[in-house]
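query.txt, holding compact mmCIF, C-alpha atoms and all ligand atoms:
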```txt
# COMPACT_ATOMS: atom_id res chain seq x y z
CA MET A 1 -31.55 24.61 1.50
CA ASP A 2 -31.43 22.66 4.76
CA LYS A 3 -28.63 20.28 5.79
CA SER A 4 -30.26 17.07 4.64
CA ALA A 5 -31.26 18.59 1.29
CA ILE A 6 -27.63 19.62 0.74
CA LYS A 7 -26.39 16.14 1.61
CA ASN A 8 -28.88 14.54 -0.78
CA GLN A 9 -27.91 16.92 -3.55
CA VAL A 10 -24.20 16.13 -3.05
CA ARG A 11 -24.83 12.38 -2.93
CA GLU A 12 -26.97 12.44 -6.08
CA PHE A 13 -24.38 14.51 -7.88
CA TYR A 14 -21.56 12.06 -7.16
CA ASP A 15 -23.68 8.98 -7.81
CA GLN A 16 -25.00 10.25 -11.11
CA VAL A 17 -22.31 12.59 -12.43
CA GLY A 18 -19.04 12.95 -10.48
CA TRP A 19 -18.16 9.28 -10.34
CA GLN A 20 -19.22 8.37 -13.85
CA GLN A 21 -16.23 7.40 -15.97
CA VAL A 22 -15.71 9.67 -18.97
CA SER A 23 -12.88 7.50 -20.28
CA GLU A 24 -10.99 4.44 -19.06
CA GLY A 25 -10.29 5.06 -15.33
CA VAL A 26 -10.98 8.82 -15.61
CA TYR A 27 -14.01 10.23 -13.79
CA GLN A 28 -16.05 13.34 -14.57
CA ASN A 29 -14.66 14.70 -11.27
CA ALA A 30 -11.16 14.85 -12.80
CA ARG A 31 -12.30 17.97 -14.71
CA TYR A 32 -11.23 19.82 -11.54
CA GLU A 33 -7.66 18.59 -11.93
CA ASP A 34 -4.92 19.49 -14.40
CA LEU A 35 -4.12 16.15 -16.01
CA ARG A 36 -1.75 17.48 -18.68
CA PRO A 37 1.71 15.86 -18.92
CA VAL A 38 3.42 19.21 -18.29
CA SER A 39 1.95 19.39 -14.78
CA GLN A 40 2.18 15.70 -13.97
CA GLU A 41 5.45 15.72 -12.00
CA TYR A 42 4.40 18.70 -9.84
CA ILE A 43 0.98 17.24 -9.13
CA HIS A 44 2.46 13.84 -8.29
CA LYS A 45 4.93 15.38 -5.83
CA CYS A 46 2.14 17.39 -4.18
CA HIS A 47 0.00 14.25 -3.77
CA MET A 48 2.94 12.52 -2.10
CA ARG A 49 3.21 15.25 0.55
CA VAL A 50 0.20 13.74 2.30
CA LYS A 51 2.15 10.59 3.15
CA ARG A 52 4.87 12.43 5.04
CA PHE A 53 2.56 13.32 7.88
CA LEU A 54 0.87 9.92 8.30
CA ALA A 55 2.09 7.07 10.47
CA ALA A 56 3.85 4.77 8.00
CA THR A 57 2.05 1.61 9.16
CA GLY A 58 -0.95 0.62 11.22
CA ASP A 59 -4.13 -1.43 11.26
CA PHE A 60 -6.69 1.06 9.97
CA LEU A 61 -6.34 4.13 7.79
CA LEU A 62 -9.57 6.11 7.49
CA ASP A 63 -10.23 7.79 4.13
CA ALA A 64 -13.08 10.20 4.85
CA GLY A 65 -14.91 11.09 1.63
CA SER A 66 -12.74 8.64 -0.28
CA GLY A 67 -14.52 8.78 -3.62
CA PRO A 68 -13.20 5.93 -5.77
CA VAL A 69 -9.58 6.50 -4.54
CA GLN A 70 -9.08 7.86 -7.99
CA TYR A 71 -5.36 8.61 -8.30
CA PRO A 72 -2.53 6.02 -8.04
CA GLU A 73 -0.76 8.16 -5.39
CA TYR A 74 -3.80 7.86 -3.12
CA ILE A 75 -3.39 4.08 -3.01
CA THR A 76 0.14 4.41 -1.60
CA TYR A 77 -1.12 6.16 1.58
CA SER A 78 -2.46 2.88 2.97
CA GLN A 79 -0.09 0.43 1.33
CA ASP A 80 1.51 -0.51 4.68
CA TYR A 81 -1.73 -0.54 6.64
CA ARG A 82 -3.83 -3.68 7.12
CA PHE A 83 -7.03 -1.99 5.98
CA ARG A 84 -8.13 1.24 4.41
CA VAL A 85 -11.59 2.20 5.65
CA CYS A 86 -13.28 4.13 2.85
CA VAL A 87 -16.18 6.28 3.98
CA ASP A 88 -18.46 8.10 1.57
CA ILE A 89 -22.12 9.09 1.17
CA SER A 90 -21.96 7.98 -2.48
CA ILE A 91 -22.45 4.26 -3.05
CA THR A 92 -21.05 4.63 -6.58
CA ALA A 93 -17.83 6.03 -5.06
CA LEU A 94 -17.46 3.00 -2.80
CA GLU A 95 -18.27 0.49 -5.54
CA GLU A 96 -15.56 2.06 -7.66
CA ALA A 97 -13.13 2.12 -4.68
CA ARG A 98 -13.74 -1.60 -4.20
CA GLN A 99 -12.73 -2.22 -7.82
CA ARG A 100 -9.38 -0.63 -7.02
CA LEU A 101 -8.65 -1.81 -3.48
CA GLY A 102 -10.48 -5.14 -3.23
CA VAL A 103 -10.12 -6.79 0.19
CA HIS A 104 -7.61 -4.20 1.39
CA GLY A 105 -10.57 -1.85 1.67
CA LEU A 106 -13.52 -1.75 4.06
CA TYR A 107 -16.42 0.29 2.71
CA VAL A 108 -18.87 2.26 4.83
CA VAL A 109 -21.64 4.46 3.49
CA CYS A 110 -21.89 7.23 6.08
CA ASP A 111 -21.48 10.93 6.75
CA ILE A 112 -18.09 12.34 7.80
CA ALA A 113 -19.91 14.60 10.23
CA HIS A 114 -21.44 11.56 12.02
CA LEU A 115 -18.84 8.81 11.94
CA PRO A 116 -20.12 5.51 13.37
CA PHE A 117 -16.73 4.50 14.79
CA LYS A 118 -15.50 4.33 18.36
CA SER A 119 -13.08 7.00 19.54
CA GLU A 120 -9.39 6.47 18.72
CA ALA A 121 -10.16 3.71 16.19
CA PHE A 122 -7.69 4.85 13.50
CA ASP A 123 -3.92 4.88 13.19
CA GLY A 124 -4.10 7.43 10.41
CA ILE A 125 -6.73 9.56 8.66
CA VAL A 126 -6.90 11.29 5.30
CA SER A 127 -9.73 13.44 4.01
CA LEU A 128 -9.13 14.96 0.60
CA HIS A 129 -11.39 17.55 -1.00
CA ALA A 130 -14.46 16.28 0.84
CA ILE A 131 -15.20 18.46 3.89
CA HIS A 132 -16.11 21.45 1.69
CA HIS A 133 -19.27 19.56 0.66
CA ILE A 134 -20.57 19.62 4.24
CA PRO A 135 -22.82 22.62 5.06
CA TYR A 136 -20.54 25.49 6.08
CA GLU A 137 -21.52 25.70 9.76
CA GLY A 138 -21.11 21.92 10.14
CA GLN A 139 -17.54 21.75 8.86
CA PRO A 140 -15.82 22.39 12.23
CA ASP A 141 -17.83 19.45 13.64
CA ALA A 142 -16.52 17.23 10.85
CA TYR A 143 -12.92 18.12 11.80
CA LEU A 144 -13.76 17.40 15.45
CA ASN A 145 -15.21 14.03 14.48
CA LEU A 146 -12.05 13.10 12.62
CA PHE A 147 -10.02 14.16 15.62
CA ARG A 148 -12.20 12.03 17.92
CA VAL A 149 -11.62 8.80 15.96
CA LEU A 150 -7.86 9.39 15.68
CA GLN A 151 -5.55 7.46 18.02
CA ALA A 152 -3.39 9.40 20.48
CA GLY A 153 0.07 10.09 19.08
CA LYS A 154 -1.18 9.84 15.46
CA SER A 155 -2.05 12.33 12.72
CA ALA A 156 -4.90 13.17 10.39
CA VAL A 157 -4.22 14.92 7.08
CA ILE A 158 -6.95 17.03 5.54
CA VAL A 159 -6.77 18.76 2.16
CA ASN A 160 -9.29 21.32 0.96
CA ALA A 161 -9.17 24.59 -0.93
CA TRP A 162 -9.32 27.99 0.76
CA ASN A 163 -12.14 30.26 -0.36
CA TYR A 164 -9.55 32.96 -0.88
CA SER A 165 -5.87 32.69 -1.80
CA SER A 166 -3.89 35.91 -1.52
CA LEU A 167 -1.18 34.39 -3.70
CA MET A 168 -3.56 33.47 -6.52
CA LYS A 169 -5.16 36.91 -6.21
CA ARG A 170 -1.77 38.59 -6.62
CA LEU A 171 -1.04 36.48 -9.69
CA LYS A 172 -4.47 37.01 -11.28
CA TRP A 173 -3.04 39.52 -13.78
CA LEU A 174 -0.69 36.84 -15.13
CA GLU A 175 -3.48 34.30 -15.44
CA LYS A 176 -5.64 36.82 -17.35
CA PHE A 177 -2.75 37.92 -19.56
CA MET A 178 -1.90 34.32 -20.49
CA ASP A 179 -5.56 33.51 -21.15
CA ARG A 180 -5.74 36.43 -23.58
CA LEU A 181 -2.44 35.56 -25.21
CA SER A 182 -3.42 31.96 -25.84
CA GLY A 183 -6.76 33.14 -27.29
CA ILE A 184 -4.94 35.40 -29.73
CA THR A 185 -2.35 32.75 -30.65
CA ARG A 186 -5.10 30.24 -31.27
CA ARG A 187 -6.99 32.58 -33.54
CA LEU A 188 -3.84 33.49 -35.50
CA PHE A 189 -2.12 30.15 -35.86
CA GLN A 190 -4.61 27.34 -35.43
CA PRO A 191 -6.59 26.05 -38.40
CA LYS A 192 -10.31 26.89 -38.14
CA THR A 193 -11.29 23.23 -37.83
CA GLN A 194 -9.03 22.68 -34.80
CA GLN A 195 -10.32 25.89 -33.20
CA ALA A 196 -13.90 24.74 -33.56
CA ALA A 197 -13.07 21.35 -32.09
CA LEU A 198 -11.29 22.98 -29.13
CA GLU A 199 -14.15 25.36 -28.49
CA ARG A 200 -16.55 22.45 -28.56
CA THR A 201 -14.49 20.56 -25.97
CA SER A 202 -13.74 23.47 -23.66
CA GLY A 203 -17.29 24.73 -24.09
CA SER A 204 -18.58 21.38 -22.91
CA LEU A 205 -16.14 21.43 -20.00
CA ARG A 206 -17.23 24.87 -18.91
CA SER A 207 -20.96 24.68 -19.38
CA PRO A 208 -22.47 21.40 -20.40
CA LYS A 209 -26.08 21.95 -21.27
CA THR A 210 -27.39 18.58 -20.20
CA GLN A 211 -25.81 17.83 -16.81
CA PRO A 212 -24.88 19.86 -13.75
CA THR A 213 -21.11 20.32 -13.50
CA GLY A 214 -20.80 20.78 -9.77
CA THR A 215 -22.60 20.64 -6.47
CA TYR A 216 -22.68 22.39 -3.09
CA ALA A 217 -19.19 23.39 -1.88
CA GLN A 218 -18.21 26.07 0.64
CA HIS A 219 -14.67 26.84 1.72
CA TYR A 220 -13.26 28.53 4.80
CA ASP A 221 -10.52 31.14 4.78
CA ALA A 222 -7.38 30.41 6.79
CA GLU A 223 -8.11 32.88 9.58
CA THR A 224 -11.65 31.65 10.27
CA LEU A 225 -10.69 27.98 10.21
CA LEU A 226 -7.74 28.53 12.56
CA ALA A 227 -10.03 30.44 14.92
CA GLU A 228 -12.43 27.46 14.92
CA PHE A 229 -9.59 25.06 15.73
CA ALA A 230 -8.51 27.32 18.58
CA ARG A 231 -12.11 27.53 19.87
CA PHE A 232 -12.35 23.73 20.01
CA GLN A 233 -8.76 23.34 21.23
CA VAL A 234 -7.85 21.10 18.33
CA PRO A 235 -4.11 21.33 17.61
CA ALA A 236 -3.79 22.08 13.90
CA GLU A 237 -0.83 22.86 11.68
CA ILE A 238 -1.08 24.32 8.19
CA TYR A 239 1.35 23.32 5.45
CA THR A 240 1.15 23.57 1.70
CA TRP A 241 -0.42 20.84 -0.37
CA ARG A 242 -0.37 22.83 -3.59
CA SER A 243 -0.30 26.59 -3.89
CA LEU A 244 -1.37 26.90 -7.54
CA SER A 245 -5.00 26.61 -8.57
CA VAL A 246 -5.99 24.44 -11.50
CA ARG A 247 -7.18 27.53 -13.38
CA PHE A 248 -3.76 29.14 -12.94
CA LEU A 249 -1.92 25.98 -14.04
CA ARG A 250 -4.01 25.70 -17.19
CA ALA A 251 -3.53 29.34 -18.10
CA VAL A 252 0.15 29.84 -17.29
CA ILE A 253 1.94 26.49 -17.42
CA HIS A 254 2.76 25.26 -20.91
CA PRO A 255 5.46 22.91 -22.21
CA GLY A 256 6.75 25.48 -24.73
CA LEU A 257 7.07 28.14 -22.01
CA ALA A 258 9.34 26.29 -19.58
CA GLY A 259 6.29 24.97 -17.74
CA ARG A 260 8.05 22.01 -16.12
CA GLY A 261 10.96 24.17 -14.94
CA LEU A 262 8.60 26.77 -13.49
CA LEU A 263 6.72 24.12 -11.57
CA ARG A 264 9.97 22.69 -10.20
CA LEU A 265 10.83 26.16 -8.93
CA VAL A 266 7.39 26.60 -7.36
CA TYR A 267 7.69 23.18 -5.70
CA ARG A 268 11.10 24.09 -4.27
CA LEU A 269 9.71 27.35 -2.86
CA GLU A 270 6.74 25.52 -1.36
CA GLU A 271 9.12 23.08 0.30
CA LYS A 272 11.19 25.91 1.71
CA TYR A 273 8.24 27.97 3.00
CA PRO A 274 5.43 25.46 3.62
CA GLY A 275 3.71 27.65 6.22
CA TYR A 276 3.52 30.71 3.97
CA PHE A 277 2.31 28.78 0.93
CA GLY A 278 -0.08 26.75 3.09
CA ARG A 279 -1.86 29.86 4.34
CA ASN A 280 -1.65 31.96 1.18
CA GLY A 281 -1.75 29.42 -1.64
CA GLN A 282 -4.87 27.72 -2.98
CA TYR A 283 -4.83 24.36 -1.19
CA PRO A 284 -3.58 23.88 2.36
CA LEU A 285 -2.58 20.58 3.90
CA ILE A 286 -3.96 20.58 7.42
CA VAL A 287 -2.43 18.26 9.99
CA LEU A 288 -4.24 17.39 13.20
CA ARG A 289 -1.84 15.68 15.61
CA LYS A 290 -3.39 14.06 18.62
CA PRO A 291 -1.07 14.34 21.61
CA GLU A 292 0.18 11.14 23.29
CA GLN A 293 -1.80 10.27 26.40
CA GLU A 294 -0.01 11.17 29.57
CA THR A 295 0.86 8.18 31.75
CA SER A 296 0.68 8.69 35.50
C1 LIG A 301 -14.39 15.98 -4.51
S1 LIG A 301 -14.73 14.33 -4.07
C2 LIG A 301 -13.14 13.84 -3.44
C3 LIG A 301 -12.94 12.37 -3.44
C4 LIG A 301 -11.51 11.92 -3.08
N1 LIG A 301 -11.21 12.20 -1.69
C5 LIG A 301 -10.52 12.59 -3.98
O1 LIG A 301 -9.74 13.46 -3.53
O2 LIG A 301 -10.50 12.25 -5.17
C6 LIG A 301 -15.70 14.46 -2.60
C7 LIG A 301 -16.21 13.13 -2.05
O3 LIG A 301 -16.73 13.34 -0.74
C8 LIG A 301 -17.96 12.68 -0.61
N2 LIG A 301 -18.76 13.37 0.41
C9 LIG A 301 -19.31 14.59 0.33
N3 LIG A 301 -19.94 14.91 1.48
C10 LIG A 301 -19.75 13.85 2.31
C11 LIG A 301 -20.16 13.58 3.64
N4 LIG A 301 -20.88 14.46 4.33
N5 LIG A 301 -19.81 12.41 4.18
C12 LIG A 301 -19.08 11.49 3.46
N6 LIG A 301 -18.68 11.70 2.21
C13 LIG A 301 -19.00 12.88 1.63
C14 LIG A 301 -18.57 12.74 -2.00
O4 LIG A 301 -19.56 11.77 -2.17
C15 LIG A 301 -17.34 12.52 -2.87
O5 LIG A 301 -17.11 11.17 -3.11
```
Write the structure described by the file as structure tokens, please.
Amino acid sequence: MDKSAIKNQVREFYDQVGWQQVSEGVYQNARYEDLRPVSQEYIHKCHMRVKRFLAATGDFLLDAGSGPVQYPEYITYSQDYRFRVCVDISITALEEARQRLGVHGLYVVCDIAHLPFKSEAFDGIVSLHAIHHIPYEGQPDAYLNLFRVLQAGKSAVIVNAWNYSSLMKRLKWLEKFMDRLSGITRRLFQPKTQQAALERTSGSLRSPKTQPTGTYAQHYDAETLLAEFARFQVPAEIYTWRSLSVRFLRAVIHPGLAGRGLLRLVYRLEEKYPGYFGRNGQYPLIVLRKPEQETS
């Protein structure tokens, strides 16, 4: 598939599927998140990490691939900015974002890889789970574009998944074990009617027959992405956004098995070793800091 076909496919997917509400304020896209109460505190704290690296105030915060700005934490990133500039190729995303942000938002349908803004236009930039939808070879250009429109002395924060997490790989046995255990427990202790209902729901989450569940997405591994940054001389730092994948959370974290406590421990470790968990966990938080201009 060529670049423009990929872009059209991604746009159509989000217009027609990803940004359709499945219940009040919840989009189909949220299937990729763990929304269970047991994980809520951990996920909230991970979302709030983004804010630490951004300038606290400014005129314009760019949200590249904003979607509908779907989680309440996202709104806080621009609360002390004059405007949040939401950029997306999906018009549905931006219509939904406008419902949430109103006149605080400015809405531009365009491609992250070809931003129509002058250089150094933004005091802060976020791009969350969006760059992986750009054709693989074009992703370094998208980072460069974000760097171009960032003001000197300011930071951009980008969150994406790695294509390979050594930590998640090492813990795969636990995920599989817990999956099996919960299957057995369900069969033994849950009434047949509840089991059937659950299978219907999870079956429809895994493989709906009528609609596509995902679209084009390609992820880099840490080494390759860092090599690209070095090649383009873009100063990049890698921290942790969240080291645990959604699949792992769903399999291993449960309220009856000290789930909240385990997640507090994981969070503390991530805080202590952000570099290690950033490179080896599932989702890095990438910070591009543009150096101050030298005055002569
Ligand atoms: C997984 S969603 C993430 C949305 C939001 N940032 C979030 O974290 O909830 C990806 C978003 O990026 C948008 N997108 C994908 N490719 C894009 C591109 N080349 N330029 C602009 N937006 C793009 C999609 O339309 C979609 O709204």
Please list as number ranges by chain every residue within 8 Å of Ala121 in chain A, counting all atoms listed in the file and excluding residues in the same chain fewer than 4 positions away.
A: 60, 117, 149-151
Shell around Ser155 in chain A at 6 Å using all atoms listed in the file, local window under 4 positions removed, as a list in words
Leu54, Gly124, Leu288 and Arg289 of chain A
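Note that the spacing between CA of His129 in chain A and CA of Pro284 in chain A amounts to 10.6 Å.
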Please identify all protein, DNA and RNA residues within 9 Å of ligand LIG 301 (chain A), counting only C-alpha atoms and all ligand atoms, and report them as number ranges by chain.
A: 7, 10-15, 18-19, 29-30, 32, 63-71, 74, 87-94, 109-115, 126-135, 142, 159
Excluding range 239-251 of chain A and its own-chain neighbours fewer than 3 positions away, which residues fall within 6 Å of it when counting only C-alpha atoms? Please give them as a list of chain:residue names.
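Skipping anything fewer than 3 positions along the chain leaves A:Asp34, A:Cys46, A:Glu175, A:Met178, A:Asp179, A:Pro274, A:Gly275, A:Phe277, A:Gly278, A:Gly281, A:Gln282, A:Tyr283, A:Pro284, A:Leu285.
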Write the selection just made, keeping C-alpha atoms, as a PDB file, keeping the file's coordinate frame?
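For reference, part15.pdb as written:
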```
ATOM      1  CA  ASP A  34      -4.920  19.490 -14.400  1.00  0.00           C
ATOM      2  CA  CYS A  46       2.140  17.390  -4.180  1.00  0.00           C
ATOM      3  CA  GLU A 175      -3.480  34.300 -15.440  1.00  0.00           C
ATOM      4  CA  MET A 178      -1.900  34.320 -20.490  1.00  0.00           C
ATOM      5  CA  ASP A 179      -5.560  33.510 -21.150  1.00  0.00           C
ATOM      6  CA  PRO A 274       5.430  25.460   3.620  1.00  0.00           C
ATOM      7  CA  GLY A 275       3.710  27.650   6.220  1.00  0.00           C
ATOM      8  CA  PHE A 277       2.310  28.780   0.930  1.00  0.00           C
ATOM      9  CA  GLY A 278      -0.080  26.750   3.090  1.00  0.00           C
ATOM     10  CA  GLY A 281      -1.750  29.420  -1.640  1.00  0.00           C
ATOM     11  CA  GLN A 282      -4.870  27.720  -2.980  1.00  0.00           C
ATOM     12  CA  TYR A 283      -4.830  24.360  -1.190  1.00  0.00           C
ATOM     13  CA  PRO A 284      -3.580  23.880   2.360  1.00  0.00           C
ATOM     14  CA  LEU A 285      -2.580  20.580   3.900  1.00  0.00           C
TER      15      LEU A 285
END
```
For Phe122 in chain A, list every protein, DNA or RNA residue within 10 Å, evaluated using only C-alpha atoms, and leave out those in the same chain fewer than 3 positions away; present the list as a list in words.
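Here the answer would be Gly58, Asp59, Phe60, Leu61, Leu62, Arg84, Val85, Phe117, Lys118, Ser119, Ile125, Leu146, Phe147, Arg148, Val149, Leu150, Gln151, Ala152, Lys154, Ser155 and Ala156 of chain A.
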Which residue of A:Glu24, A:Val108, A:Phe229, A:Trp162 approaches Ala217 in chain A most closely, using only C-alpha atoms:
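Of A:Glu24, A:Val108, A:Phe229, A:Trp162, the one nearest Ala217 in chain A is A:Trp162, counting only C-alpha atoms.
Take the candidates A:Gly25, A:Val234, A:Leu257, A:Thr213 and check each one against Asn145 in chain A using only C-alpha atoms; the shortest distance goes to A:Val234.
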So, with only C-alpha atoms as the atoms that count, which of A:Ile286, A:Ala222, A:Ala5, A:Val157 lies closest to Lys51 in chain A?
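Between A:Ile286, A:Ala222, A:Ala5, A:Val157, the residue approaching Lys51 in chain A most closely is A:Val157.
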Mind pulling up the distance from CA of Phe53 in chain A to CA of Glu95 in chain A?
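According to the coordinates, CA of Glu95 in chain A and CA of Phe53 in chain A are separated by 27.9 Å.
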